[in-house]
Amino acid sequence: MSNVIELRIKRQDGPGQPSSWETFKIPYRPKLNVISVLMEIQQNPVNAAGKRTTPVVWECNCLEEVCGACTMNINGQARQACTALIDQLKQPIVLEPLRKFPLVRDLMVDRTVMFDNLKKVRAWIPIDGTYDLGAGPRMAEAKRQWAYELSKCMTCGCCTESCPQFNARSKFMGPAAISQVRLFNAHPTGEMNKHERLEVLLEEGGIADCGNAQNCVRACPKGIPLTTSLADLNREANKFAVDRWLRK
Amino acid sequence: MSSKYHFVVRRVHSLLGLLPIGIFLAFHLTLNILATNSPERYEKVINTMRETPGIFLVELVIIFLPILFHAAYGLIVVYGGGVNTLRYQYFRNWYYLLQRITGIITLIFVAFHVFTLRVDGATAQATVTALTDFVKTPFGLVFYVVGVLSAIFHFANGLWAFLITWGITIGPRSQKVSTWVCSGVFVILAAVALKTLAQLLA
Ligand code: HEM
Ligand code: SF4
Ligand code: SF4
Ligand code: FES
């Protein structure tokens, strides 16, 4: 193990600005992660050529892989910087912002579209009434167990980054929001508004736009069975579409 | 395509890929190998088909128009997709890309195939002679091998996707089994097609 950590970071001052690569060398210490190395650069923003530069901008919150804020491309693939351990990474470590979202600055992007898609598919359970609606139906334990796995999604965008169908030429909402439809449709109270969510999946950008590349399921750091959700909702969406048509 | 019909259009595209196009492909390849085994029987089938009243209409509705729609909409689908196989080198991602590449090759191949053998061709015998002459040139042989294998790959891998699109194979295990089954379909149809080509050359 050499005594420096070498990083190549893609720099860009803002949307529409030119981008360039900058190399940094940090003294090696064991057990660092990408965030802690970025913090070192922040404290002493000097690049490998010894020139003073602007500190690299990135985002983070939880530092334990539950918020998704620190997601970036590390050595070519999207993952969380806070759990990317330097000791396990090939050097030079290449850091780039996610490519599928509008850039804010350096490694920081605007993932609003992910949250807009959650709103679009109504990824919540409506429980408000003008009076107390009382306790809802209970959920079967066996169902709760697999549904819990789906609830681990942190809207990080690793899946959309890896998905070839999620791009500027297509309206595809990506697998994360679609998988949330399965989660909320599985909930006994959420199920009451199942049709509203399935309706959205039938629109352009919905489930039919998945191309079965199956990258998403491998890219998801939370191990969410995205392709199972997609196939399951294909079945549900088909049934729903036929049923809706026959009732017209 | 209007948002209202988006889902239906996509599902029709998927359905046509299997029914009738995929079934036609399998039928066509099987008939061809029968032909190289017994030219008389082939001639008889072809002539019976040609003499069937309204065969042109049947072909138009169950073969030509479905392929035209599937291909045209397929190109729109290709345009809406992306390529990131070098960053995400998963086997399924390569197949995703191959599905699109083989679709485009198949389009070129089928257009040429139909134009040269159907529009220009006259009797069944003349068609076979024209085809044999063509595949005896090095370019013709490569063109046919690549074209036919592309069409078969596209169909076999399309079958795998079809099973997901229609919500039949849901979990990872059933999707893995269907990968094997569809690979089997590819190998069998490819063997049939290559054997037929080899017999033309003999
Ligand atoms: C021999 C003729 C063909 C056969 C048997 C065939 C069959 C199929 C099948 C079964 C599918 C799977 C549908 C699904 O995803 O559920 C498919 C998908 C597809 N086909 Fe074809 N096809 C043929 C020709 C073409 C042509 C000429 C094109 C034009 C480029 C094309 C483009 C596509 C595309 C892009 C898909 C992927 C659709 C998606 O992922 O949503 N196909 N095809
Ligand atoms: S499904 Fe997985 S990869 Fe996609 S946003 Fe959720 S946690 Fe991230
Ligand atoms: S399976 Fe669908 S959602 Fe997942 S990466 Fe492939 S195209 Fe995207
Ligand atoms: S900081 Fe929350 S996931 Fe990395």
# chains A, B, ... in the order shown; residues from 1 in each chain; ligands from 1
>>> residues_near_ligand(ligand="ligand 4", cutoff="9 Å", atoms="only C-alpha atoms and all ligand atoms", output="list in words")
Ile35, Glu59, Cys60, Asn61, Cys62, Leu63, Glu64, Glu65, Val66, Cys67, Gly68, Ala69, Cys70, Thr71, Arg79, Gln80, Ala81, Cys82, Thr83, Met154 and Cys156 of chain A
>>> residues_near_ligand(ligand="ligand 1", cutoff="8 Å", atoms="only C-alpha atoms and all ligand atoms", output="short mmCIF file (atom, residue, chain, number, x, y, z; two decimals) with C-alpha atoms, in the first residue's frame")
data_model
loop_
_atom_site.label_atom_id
_atom_site.label_comp_id
_atom_site.auth_asym_id
_atom_site.auth_seq_id
_atom_site.Cartn_x
_atom_site.Cartn_y
_atom_site.Cartn_z
CA ALA A 208 -43.91 -0.04 -20.15
CA ASP A 209 -40.76 2.00 -20.73
CA CYS A 210 -38.53 -0.44 -18.85
CA GLY A 211 -36.28 -2.29 -21.30
CA ASN A 212 -35.31 -5.20 -19.02
CA ARG B 10 -46.05 -0.83 -26.04
CA ARG B 11 -47.95 -3.97 -25.20
CA HIS B 13 -45.45 -4.03 -29.88
CA SER B 14 -44.47 -6.76 -27.44
CA LEU B 15 -47.33 -9.07 -28.41
CA LEU B 16 -46.67 -8.72 -32.15
CA GLY B 17 -43.02 -9.66 -31.56
CA LEU B 18 -44.18 -13.11 -30.50
CA LEU B 19 -47.56 -13.44 -32.17
CA ILE B 21 -43.88 -12.49 -36.01
CA GLY B 22 -41.96 -14.89 -33.76
CA ILE B 23 -44.21 -17.81 -34.59
CA PHE B 24 -43.89 -16.99 -38.28
CA LEU B 25 -40.09 -16.94 -37.94
CA ILE B 67 -43.45 -6.61 -38.83
CA LEU B 68 -43.77 -3.11 -40.21
CA HIS B 70 -43.00 -3.75 -34.71
CA ALA B 71 -39.97 -2.51 -36.64
CA ALA B 72 -41.10 1.11 -36.91
CA TYR B 73 -42.04 1.34 -33.26
CA GLY B 74 -38.93 -0.67 -32.37
CA LEU B 75 -36.82 2.10 -33.89
CA ILE B 76 -38.59 4.62 -31.67
CA VAL B 77 -37.82 2.41 -28.67
CA VAL B 78 -34.17 2.15 -29.72
CA TYR B 96 -30.28 -5.23 -23.77
CA GLN B 99 -31.58 -6.81 -28.57
CA ARG B 100 -31.46 -3.35 -30.12
CA ILE B 101 -28.55 -4.03 -32.48
CA THR B 102 -30.04 -7.30 -33.72
CA GLY B 103 -33.40 -5.55 -34.21
CA ILE B 104 -31.80 -3.06 -36.57
CA ILE B 105 -29.81 -5.77 -38.40
CA THR B 106 -32.98 -7.83 -38.72
CA LEU B 107 -34.80 -4.87 -40.23
CA ILE B 108 -32.12 -4.42 -42.89
CA VAL B 110 -35.65 -8.74 -43.78
CA ALA B 151 -33.26 -12.42 -36.25
CA ILE B 152 -33.11 -15.61 -34.16
CA HIS B 154 -33.73 -11.09 -31.33
CA PHE B 155 -36.63 -13.50 -31.21
CA ALA B 156 -35.20 -15.74 -28.48
CA ASN B 157 -34.13 -12.87 -26.25
CA GLY B 158 -37.39 -11.10 -27.06
CA LEU B 159 -39.21 -14.15 -25.77
CA TRP B 160 -37.33 -13.80 -22.49
CA ALA B 161 -38.40 -10.14 -22.25
CA PHE B 162 -41.93 -11.00 -23.34
CA LEU B 163 -42.31 -13.30 -20.35
CA ILE B 164 -41.46 -10.36 -18.07
CA THR B 165 -43.55 -7.82 -19.97
CA TRP B 166 -46.58 -10.03 -19.54
#
>>> residues_near_ligand(ligand="ligand 3", cutoff="7 Å", atoms="only C-alpha atoms and all ligand atoms", output="JSON, numbers by chain")
{"A": [159, 160, 162, 163, 164, 165, 166, 174, 175, 210, 211, 212, 213, 214, 215, 216, 217, 226, 227]}
>>> closest_residue(among="A:Met192, A:Ile9, A:Ala142, A:Ala176", to="Trp21 (chain A)", atoms="only C-alpha atoms")
A:Ile9
>>> interface_residues(of="chain B", to="chain A", cutoff="9 Å", atoms="only C-alpha atoms", output="count of residues only")
40
>>> atom_distance(atom1="CA of Arg122 (chain A)", atom2="CA of Glu141 (chain A)")
24.1 Å
>>> select_by_dssp(residues="region 1-140 of chain A", states="helix (DSSP H, G or I)", output="list of chain:residue names")
A:Val34, A:Ile35, A:Ser36, A:Val37, A:Leu38, A:Met39, A:Glu40, A:Ile41, A:Gln42, A:Gln43, A:Ala81, A:Cys82, A:Thr83, A:Ile86, A:Asp87, A:Gln88, A:Thr112, A:Val113, A:Met114, A:Phe115, A:Asp116, A:Asn117, A:Leu118, A:Lys119, A:Lys120
>>> residues_around(residues="Phe143 (chain B)", least_positions_apart="5", cutoff="12 Å", atoms="only C-alpha atoms", output="list in words")
Ile105, Thr106, Ile108, Phe109, Val110, Phe112, His113, Leu131, Phe134, Val135, Lys136, Thr137, Pro138, Val148, Leu149, Ser150 and Leu197 of chain B
>>> write_last_selection(atoms="all heavy atoms", output="compact mmCIF listing (two decimals), in the first residue's frame")
# COMPACT_ATOMS: atom_id res chain seq x y z
N ILE B 105 -30.34 -4.88 -37.36
CA ILE B 105 -29.81 -5.77 -38.40
C ILE B 105 -30.95 -6.56 -39.04
O ILE B 105 -31.03 -6.68 -40.26
CB ILE B 105 -28.75 -6.74 -37.82
CG1 ILE B 105 -27.55 -5.96 -37.29
CG2 ILE B 105 -28.31 -7.75 -38.87
CD1 ILE B 105 -26.48 -6.81 -36.64
N THR B 106 -31.86 -7.05 -38.19
CA THR B 106 -32.98 -7.83 -38.72
C THR B 106 -33.82 -7.00 -39.69
O THR B 106 -34.24 -7.49 -40.74
CB THR B 106 -33.87 -8.34 -37.57
OG1 THR B 106 -33.06 -9.04 -36.64
CG2 THR B 106 -34.95 -9.28 -38.07
N ILE B 108 -32.85 -4.53 -41.62
CA ILE B 108 -32.12 -4.42 -42.89
C ILE B 108 -32.18 -5.76 -43.63
O ILE B 108 -32.48 -5.82 -44.83
CB ILE B 108 -30.65 -4.01 -42.64
CG1 ILE B 108 -30.61 -2.61 -42.01
CG2 ILE B 108 -29.84 -4.05 -43.93
CD1 ILE B 108 -29.28 -2.24 -41.40
N PHE B 109 -31.94 -6.82 -42.88
CA PHE B 109 -31.91 -8.15 -43.49
C PHE B 109 -33.27 -8.51 -44.09
O PHE B 109 -33.36 -8.93 -45.24
CB PHE B 109 -31.50 -9.20 -42.45
CG PHE B 109 -31.58 -10.60 -42.97
CD1 PHE B 109 -30.65 -11.09 -43.87
CD2 PHE B 109 -32.61 -11.44 -42.57
CE1 PHE B 109 -30.74 -12.37 -44.37
CE2 PHE B 109 -32.71 -12.73 -43.06
CZ PHE B 109 -31.77 -13.20 -43.96
N VAL B 110 -34.32 -8.34 -43.30
CA VAL B 110 -35.65 -8.74 -43.78
C VAL B 110 -36.07 -7.90 -44.99
O VAL B 110 -36.61 -8.43 -45.97
CB VAL B 110 -36.70 -8.63 -42.63
CG1 VAL B 110 -38.12 -8.79 -43.17
CG2 VAL B 110 -36.43 -9.68 -41.57
N PHE B 112 -34.15 -6.56 -47.26
CA PHE B 112 -33.39 -7.06 -48.42
C PHE B 112 -33.90 -8.43 -48.87
O PHE B 112 -34.12 -8.67 -50.06
CB PHE B 112 -31.90 -7.15 -48.04
CG PHE B 112 -31.03 -7.69 -49.14
CD1 PHE B 112 -30.55 -6.84 -50.13
CD2 PHE B 112 -30.71 -9.03 -49.19
CE1 PHE B 112 -29.75 -7.34 -51.15
CE2 PHE B 112 -29.91 -9.54 -50.21
CZ PHE B 112 -29.42 -8.68 -51.19
N HIS B 113 -34.08 -9.29 -47.90
CA HIS B 113 -34.54 -10.66 -48.12
C HIS B 113 -35.87 -10.67 -48.88
O HIS B 113 -36.02 -11.35 -49.90
CB HIS B 113 -34.68 -11.31 -46.75
CG HIS B 113 -35.15 -12.73 -46.73
ND1 HIS B 113 -34.39 -13.76 -47.23
CD2 HIS B 113 -36.28 -13.29 -46.25
CE1 HIS B 113 -35.04 -14.90 -47.06
NE2 HIS B 113 -36.20 -14.65 -46.47
N LEU B 131 -31.45 -17.48 -54.43
CA LEU B 131 -30.90 -17.49 -53.08
C LEU B 131 -29.58 -18.25 -53.04
O LEU B 131 -28.60 -17.79 -52.46
CB LEU B 131 -31.92 -18.12 -52.12
CG LEU B 131 -31.48 -18.25 -50.67
CD1 LEU B 131 -31.22 -16.87 -50.07
CD2 LEU B 131 -32.55 -18.96 -49.84
N PHE B 134 -26.81 -16.33 -54.48
CA PHE B 134 -26.40 -15.24 -53.61
C PHE B 134 -25.53 -15.73 -52.44
O PHE B 134 -24.48 -15.16 -52.16
CB PHE B 134 -27.61 -14.48 -53.08
CG PHE B 134 -27.25 -13.26 -52.28
CD1 PHE B 134 -26.59 -12.19 -52.88
CD2 PHE B 134 -27.53 -13.19 -50.92
CE1 PHE B 134 -26.24 -11.06 -52.15
CE2 PHE B 134 -27.18 -12.07 -50.19
CZ PHE B 134 -26.53 -11.00 -50.81
N VAL B 135 -25.96 -16.80 -51.77
CA VAL B 135 -25.18 -17.24 -50.61
C VAL B 135 -23.87 -17.92 -51.02
O VAL B 135 -23.03 -18.19 -50.17
CB VAL B 135 -25.97 -18.16 -49.63
CG1 VAL B 135 -27.11 -17.40 -48.98
CG2 VAL B 135 -26.46 -19.42 -50.30
N LYS B 136 -23.70 -18.18 -52.30
CA LYS B 136 -22.42 -18.74 -52.73
C LYS B 136 -21.35 -17.67 -52.88
O LYS B 136 -20.17 -17.99 -52.97
CB LYS B 136 -22.60 -19.54 -54.02
CG LYS B 136 -23.13 -20.94 -53.70
CD LYS B 136 -23.10 -21.89 -54.85
CE LYS B 136 -23.47 -23.29 -54.34
NZ LYS B 136 -24.06 -24.12 -55.41
N THR B 137 -21.75 -16.40 -52.88
CA THR B 137 -20.74 -15.34 -52.84
C THR B 137 -20.35 -15.14 -51.38
O THR B 137 -21.18 -15.32 -50.48
CB THR B 137 -21.31 -14.01 -53.39
OG1 THR B 137 -22.33 -13.54 -52.50
CG2 THR B 137 -21.90 -14.18 -54.78
N PRO B 138 -19.08 -14.76 -51.12
CA PRO B 138 -18.65 -14.60 -49.71
C PRO B 138 -19.49 -13.56 -48.98
O PRO B 138 -19.93 -13.77 -47.85
CB PRO B 138 -17.19 -14.14 -49.83
CG PRO B 138 -16.77 -14.51 -51.20
CD PRO B 138 -17.98 -14.54 -52.07
N VAL B 148 -29.64 -13.92 -40.35
CA VAL B 148 -30.50 -14.96 -39.79
C VAL B 148 -30.23 -15.14 -38.30
O VAL B 148 -31.17 -15.22 -37.49
CB VAL B 148 -30.28 -16.29 -40.57
CG1 VAL B 148 -30.88 -17.45 -39.82
CG2 VAL B 148 -30.88 -16.18 -41.96
N LEU B 149 -28.95 -15.15 -37.91
CA LEU B 149 -28.64 -15.31 -36.48
C LEU B 149 -29.14 -14.11 -35.68
O LEU B 149 -29.61 -14.27 -34.54
CB LEU B 149 -27.14 -15.51 -36.27
CG LEU B 149 -26.58 -16.86 -36.73
CD1 LEU B 149 -25.10 -16.97 -36.38
CD2 LEU B 149 -27.34 -18.04 -36.11
N SER B 150 -29.08 -12.93 -36.27
CA SER B 150 -29.61 -11.74 -35.58
C SER B 150 -31.10 -11.88 -35.34
O SER B 150 -31.60 -11.62 -34.24
CB SER B 150 -29.36 -10.47 -36.39
OG SER B 150 -28.00 -10.20 -36.44
N LEU B 197 -28.71 -23.38 -44.56
CA LEU B 197 -27.76 -22.63 -45.39
C LEU B 197 -26.66 -23.55 -45.92
O LEU B 197 -26.28 -23.48 -47.08
CB LEU B 197 -27.14 -21.49 -44.58
CG LEU B 197 -27.95 -20.20 -44.46
CD1 LEU B 197 -27.26 -19.21 -43.55
CD2 LEU B 197 -28.18 -19.59 -45.84
>>> closest_residue(among="A:Lys194, A:Gln12, A:Ser2, A:Asp243", to="Ile125 (chain A)", atoms="only C-alpha atoms")
A:Lys194
>>> atom_distance(atom1="CA of Thr48 (chain B)", atom2="CA of Gly147 (chain B)")
27.8 Å
>>> atom_distance(atom1="CA of Asn37 (chain B)", atom2="CA of Met49 (chain B)")
19.0 Å
